[in-house]
Amino acid sequence: SQQGEEDPQALSIQEGENATMNCSYKTSINNLQWYRQNSGRGLVHLILIRSNEREKHSGRLRVTLDTSKKSSSLLITASRAADTASYFCAAYSGAGSYQLTFGKGTKLSVIP
Amino acid sequence: NAGVTQTPKFRVLKTGQSMTLLCAQDMNHEYMYWYRQDPGMGLRLIHYSVGEGTTAKGEVPDGYNVSRLKKQNFLLGLESAAPSQTSVYFCASSSGITQYFGPGTRLLVL
């Protein structure tokens, strides 16, 4: 079973625009992570937000977390062609769990 | 520092054949994981290990076995491959919350 579900499934934008991806999850979490996957590659960790945080920034990335709605969003500002990738949210299945469950991902295409 | 490496990168098997996928990490991580990724799906956990000599089942363990004889290595075995096991397999390691992924092994079972 999947902990996270991303929305939209695919997103196409022009270079320089902002990209927003959303994630909804099912159970209570201690933290939520976002990963990026370039085509044909492994996943790379982008950012982690803890359950007691509402917003976190890292460079051009901004992540929000709303635990009351069980949702998170990832905003990439001033997008670049190199941001073209699939983005996944992920969370552990429960307290003390070692199982990180992933959503199906949002495929972002940034057109130069 | 190579991070997480996977061997082989690509393999074609016939139904019923067996094979072993090797994952190695040089970050001294305690935790290691095997996932599969199918089109339109996120990653699904097959098996994982929380330390040398330990293994545990994930979400989709059927048809796979694993071993963690050395801390740096995590092996995934397919005893009798089936077409449903055609997928991209990713290994990951972790010392805590964040996981570090290998480049993947693309497996085609005919």
# chains A, B, ... in the order shown; residues from 1 in each chain; ligands from 1

$ interface_residues --of "chain B" --to "chain A" --cutoff "6 Å" --atoms "only C-alpha atoms" --output "list in words"
Met41, Gly42, Leu43, Phe101, Gly102 and Pro103 of chain B

$ write_last_selection --atoms "N, CA, C and O atoms" --output "PDB file, in the first residue's frame"
ATOM      1  N   MET B  41       4.290   3.298 -11.537  1.00  0.00           N
ATOM      2  CA  MET B  41       4.220   2.982 -10.109  1.00  0.00           C
ATOM      3  C   MET B  41       5.389   3.649  -9.400  1.00  0.00           C
ATOM      4  O   MET B  41       6.424   3.900  -9.973  1.00  0.00           O
ATOM      5  N   GLY B  42       5.193   3.881  -8.146  1.00  0.00           N
ATOM      6  CA  GLY B  42       6.316   4.303  -7.330  1.00  0.00           C
ATOM      7  C   GLY B  42       7.169   3.097  -7.003  1.00  0.00           C
ATOM      8  O   GLY B  42       6.984   2.022  -7.561  1.00  0.00           O
ATOM      9  N   LEU B  43       8.104   3.262  -6.112  1.00  0.00           N
ATOM     10  CA  LEU B  43       8.929   2.140  -5.703  1.00  0.00           C
ATOM     11  C   LEU B  43       8.178   1.298  -4.678  1.00  0.00           C
ATOM     12  O   LEU B  43       7.498   1.834  -3.796  1.00  0.00           O
ATOM     13  N   PHE B 101      20.316   5.842  -3.018  1.00  0.00           N
ATOM     14  CA  PHE B 101      19.968   4.824  -3.999  1.00  0.00           C
ATOM     15  C   PHE B 101      21.096   4.525  -4.969  1.00  0.00           C
ATOM     16  O   PHE B 101      21.894   5.400  -5.323  1.00  0.00           O
ATOM     17  N   GLY B 102      21.110   3.260  -5.423  1.00  0.00           N
ATOM     18  CA  GLY B 102      21.980   2.873  -6.508  1.00  0.00           C
ATOM     19  C   GLY B 102      21.367   3.246  -7.844  1.00  0.00           C
ATOM     20  O   GLY B 102      20.232   3.736  -7.898  1.00  0.00           O
ATOM     21  N   PRO B 103      22.099   2.983  -8.933  1.00  0.00           N
ATOM     22  CA  PRO B 103      21.626   3.385 -10.270  1.00  0.00           C
ATOM     23  C   PRO B 103      20.576   2.466 -10.872  1.00  0.00           C
ATOM     24  O   PRO B 103      19.984   2.795 -11.886  1.00  0.00           O
TER      25      PRO B 103
END

$ atom_distance --atom1 "atom CA of Asn30 of chain A" --atom2 "atom CA of Thr64 of chain A"
14.2 Å

$ residues_around --residues "segment 71-77 of chain B" --least-positions-apart "4" --cutoff "6 Å" --atoms "only C-alpha atoms" --output "PyMOL selection string"
chain B and resi 19-25+52+64-67

$ residues_around --residues "segment 30-40 of chain B" --least-positions-apart "2" --cutoff "6 Å" --atoms "only C-alpha atoms" --output "list in words"
Leu43, Arg44, Leu45, Ile46, His47, Tyr48, Ser49, Val50, Gly51, Ser87, Val88, Tyr89, Phe90, Cys91, Ala92, Ser93, Ser94 and Ser95 of chain B

$ decode --residues "segment 32-51 of chain B" --atoms "N, CA, C and O atoms" --output "PDB file, in the first residue's frame"
ATOM      1  N   MET B  32      19.779  -1.531   4.684  1.00  0.00           N
ATOM      2  CA  MET B  32      19.810  -1.674   3.232  1.00  0.00           C
ATOM      3  C   MET B  32      18.466  -2.190   2.742  1.00  0.00           C
ATOM      4  O   MET B  32      17.760  -2.898   3.482  1.00  0.00           O
ATOM      5  N   TYR B  33      18.119  -1.835   1.518  1.00  0.00           N
ATOM      6  CA  TYR B  33      16.774  -2.094   0.988  1.00  0.00           C
ATOM      7  C   TYR B  33      16.855  -2.518  -0.475  1.00  0.00           C
ATOM      8  O   TYR B  33      17.726  -2.069  -1.214  1.00  0.00           O
ATOM      9  N   TRP B  34      15.888  -3.342  -0.869  1.00  0.00           N
ATOM     10  CA  TRP B  34      15.671  -3.646  -2.279  1.00  0.00           C
ATOM     11  C   TRP B  34      14.255  -3.237  -2.658  1.00  0.00           C
ATOM     12  O   TRP B  34      13.289  -3.615  -1.990  1.00  0.00           O
ATOM     13  N   TYR B  35      14.160  -2.467  -3.753  1.00  0.00           N
ATOM     14  CA  TYR B  35      12.877  -2.029  -4.282  1.00  0.00           C
ATOM     15  C   TYR B  35      12.746  -2.493  -5.728  1.00  0.00           C
ATOM     16  O   TYR B  35      13.736  -2.706  -6.416  1.00  0.00           O
ATOM     17  N   ARG B  36      11.509  -2.534  -6.193  1.00  0.00           N
ATOM     18  CA  ARG B  36      11.258  -2.668  -7.618  1.00  0.00           C
ATOM     19  C   ARG B  36      10.407  -1.491  -8.067  1.00  0.00           C
ATOM     20  O   ARG B  36       9.582  -0.975  -7.291  1.00  0.00           O
ATOM     21  N   GLN B  37      10.631  -1.073  -9.314  1.00  0.00           N
ATOM     22  CA  GLN B  37       9.874   0.038  -9.869  1.00  0.00           C
ATOM     23  C   GLN B  37       9.303  -0.391 -11.207  1.00  0.00           C
ATOM     24  O   GLN B  37      10.037  -0.766 -12.118  1.00  0.00           O
ATOM     25  N   ASP B  38       8.003  -0.314 -11.316  1.00  0.00           N
ATOM     26  CA  ASP B  38       7.302  -0.674 -12.541  1.00  0.00           C
ATOM     27  C   ASP B  38       6.673   0.582 -13.137  1.00  0.00           C
ATOM     28  O   ASP B  38       6.402   1.550 -12.411  1.00  0.00           O
ATOM     29  N   PRO B  39       6.437   0.586 -14.458  1.00  0.00           N
ATOM     30  CA  PRO B  39       5.895   1.783 -15.123  1.00  0.00           C
ATOM     31  C   PRO B  39       4.643   2.304 -14.448  1.00  0.00           C
ATOM     32  O   PRO B  39       3.729   1.542 -14.136  1.00  0.00           O
ATOM     33  N   GLY B  40       4.630   3.616 -14.196  1.00  0.00           N
ATOM     34  CA  GLY B  40       3.460   4.232 -13.589  1.00  0.00           C
ATOM     35  C   GLY B  40       3.318   3.977 -12.110  1.00  0.00           C
ATOM     36  O   GLY B  40       2.322   4.395 -11.503  1.00  0.00           O
ATOM     37  N   MET B  41       4.290   3.298 -11.537  1.00  0.00           N
ATOM     38  CA  MET B  41       4.220   2.982 -10.109  1.00  0.00           C
ATOM     39  C   MET B  41       5.389   3.649  -9.400  1.00  0.00           C
ATOM     40  O   MET B  41       6.424   3.900  -9.973  1.00  0.00           O
ATOM     41  N   GLY B  42       5.193   3.881  -8.146  1.00  0.00           N
ATOM     42  CA  GLY B  42       6.316   4.303  -7.330  1.00  0.00           C
ATOM     43  C   GLY B  42       7.169   3.097  -7.003  1.00  0.00           C
ATOM     44  O   GLY B  42       6.984   2.022  -7.561  1.00  0.00           O
ATOM     45  N   LEU B  43       8.104   3.262  -6.112  1.00  0.00           N
ATOM     46  CA  LEU B  43       8.929   2.140  -5.703  1.00  0.00           C
ATOM     47  C   LEU B  43       8.178   1.298  -4.678  1.00  0.00           C
ATOM     48  O   LEU B  43       7.498   1.834  -3.796  1.00  0.00           O
ATOM     49  N   ARG B  44       8.328  -0.008  -4.794  1.00  0.00           N
ATOM     50  CA  ARG B  44       7.729  -0.921  -3.830  1.00  0.00           C
ATOM     51  C   ARG B  44       8.833  -1.734  -3.169  1.00  0.00           C
ATOM     52  O   ARG B  44       9.694  -2.283  -3.846  1.00  0.00           O
ATOM     53  N   LEU B  45       8.778  -1.820  -1.863  1.00  0.00           N
ATOM     54  CA  LEU B  45       9.818  -2.477  -1.088  1.00  0.00           C
ATOM     55  C   LEU B  45       9.682  -3.988  -1.163  1.00  0.00           C
ATOM     56  O   LEU B  45       8.619  -4.545  -0.884  1.00  0.00           O
ATOM     57  N   ILE B  46      10.786  -4.653  -1.517  1.00  0.00           N
ATOM     58  CA  ILE B  46      10.781  -6.121  -1.627  1.00  0.00           C
ATOM     59  C   ILE B  46      11.231  -6.744  -0.300  1.00  0.00           C
ATOM     60  O   ILE B  46      10.510  -7.508   0.326  1.00  0.00           O
ATOM     61  N   HIS B  47      12.448  -6.442   0.077  1.00  0.00           N
ATOM     62  CA  HIS B  47      13.030  -6.899   1.339  1.00  0.00           C
ATOM     63  C   HIS B  47      13.945  -5.807   1.871  1.00  0.00           C
ATOM     64  O   HIS B  47      14.386  -4.946   1.116  1.00  0.00           O
ATOM     65  N   TYR B  48      14.247  -5.890   3.155  1.00  0.00           N
ATOM     66  CA  TYR B  48      15.186  -4.940   3.718  1.00  0.00           C
ATOM     67  C   TYR B  48      15.993  -5.606   4.825  1.00  0.00           C
ATOM     68  O   TYR B  48      15.676  -6.728   5.257  1.00  0.00           O
ATOM     69  N   SER B  49      17.026  -4.908   5.260  1.00  0.00           N
ATOM     70  CA  SER B  49      17.905  -5.435   6.304  1.00  0.00           C
ATOM     71  C   SER B  49      18.282  -4.291   7.239  1.00  0.00           C
ATOM     72  O   SER B  49      18.628  -3.205   6.787  1.00  0.00           O
ATOM     73  N   VAL B  50      18.204  -4.561   8.534  1.00  0.00           N
ATOM     74  CA  VAL B  50      18.544  -3.528   9.510  1.00  0.00           C
ATOM     75  C   VAL B  50      19.938  -3.739  10.099  1.00  0.00           C
ATOM     76  O   VAL B  50      20.329  -3.032  11.030  1.00  0.00           O
ATOM     77  N   GLY B  51      20.656  -4.720   9.560  1.00  0.00           N
ATOM     78  CA  GLY B  51      22.021  -4.945  10.016  1.00  0.00           C
ATOM     79  C   GLY B  51      22.552  -6.240   9.443  1.00  0.00           C
ATOM     80  O   GLY B  51      21.791  -7.076   8.926  1.00  0.00           O
TER      81      GLY B  51
END
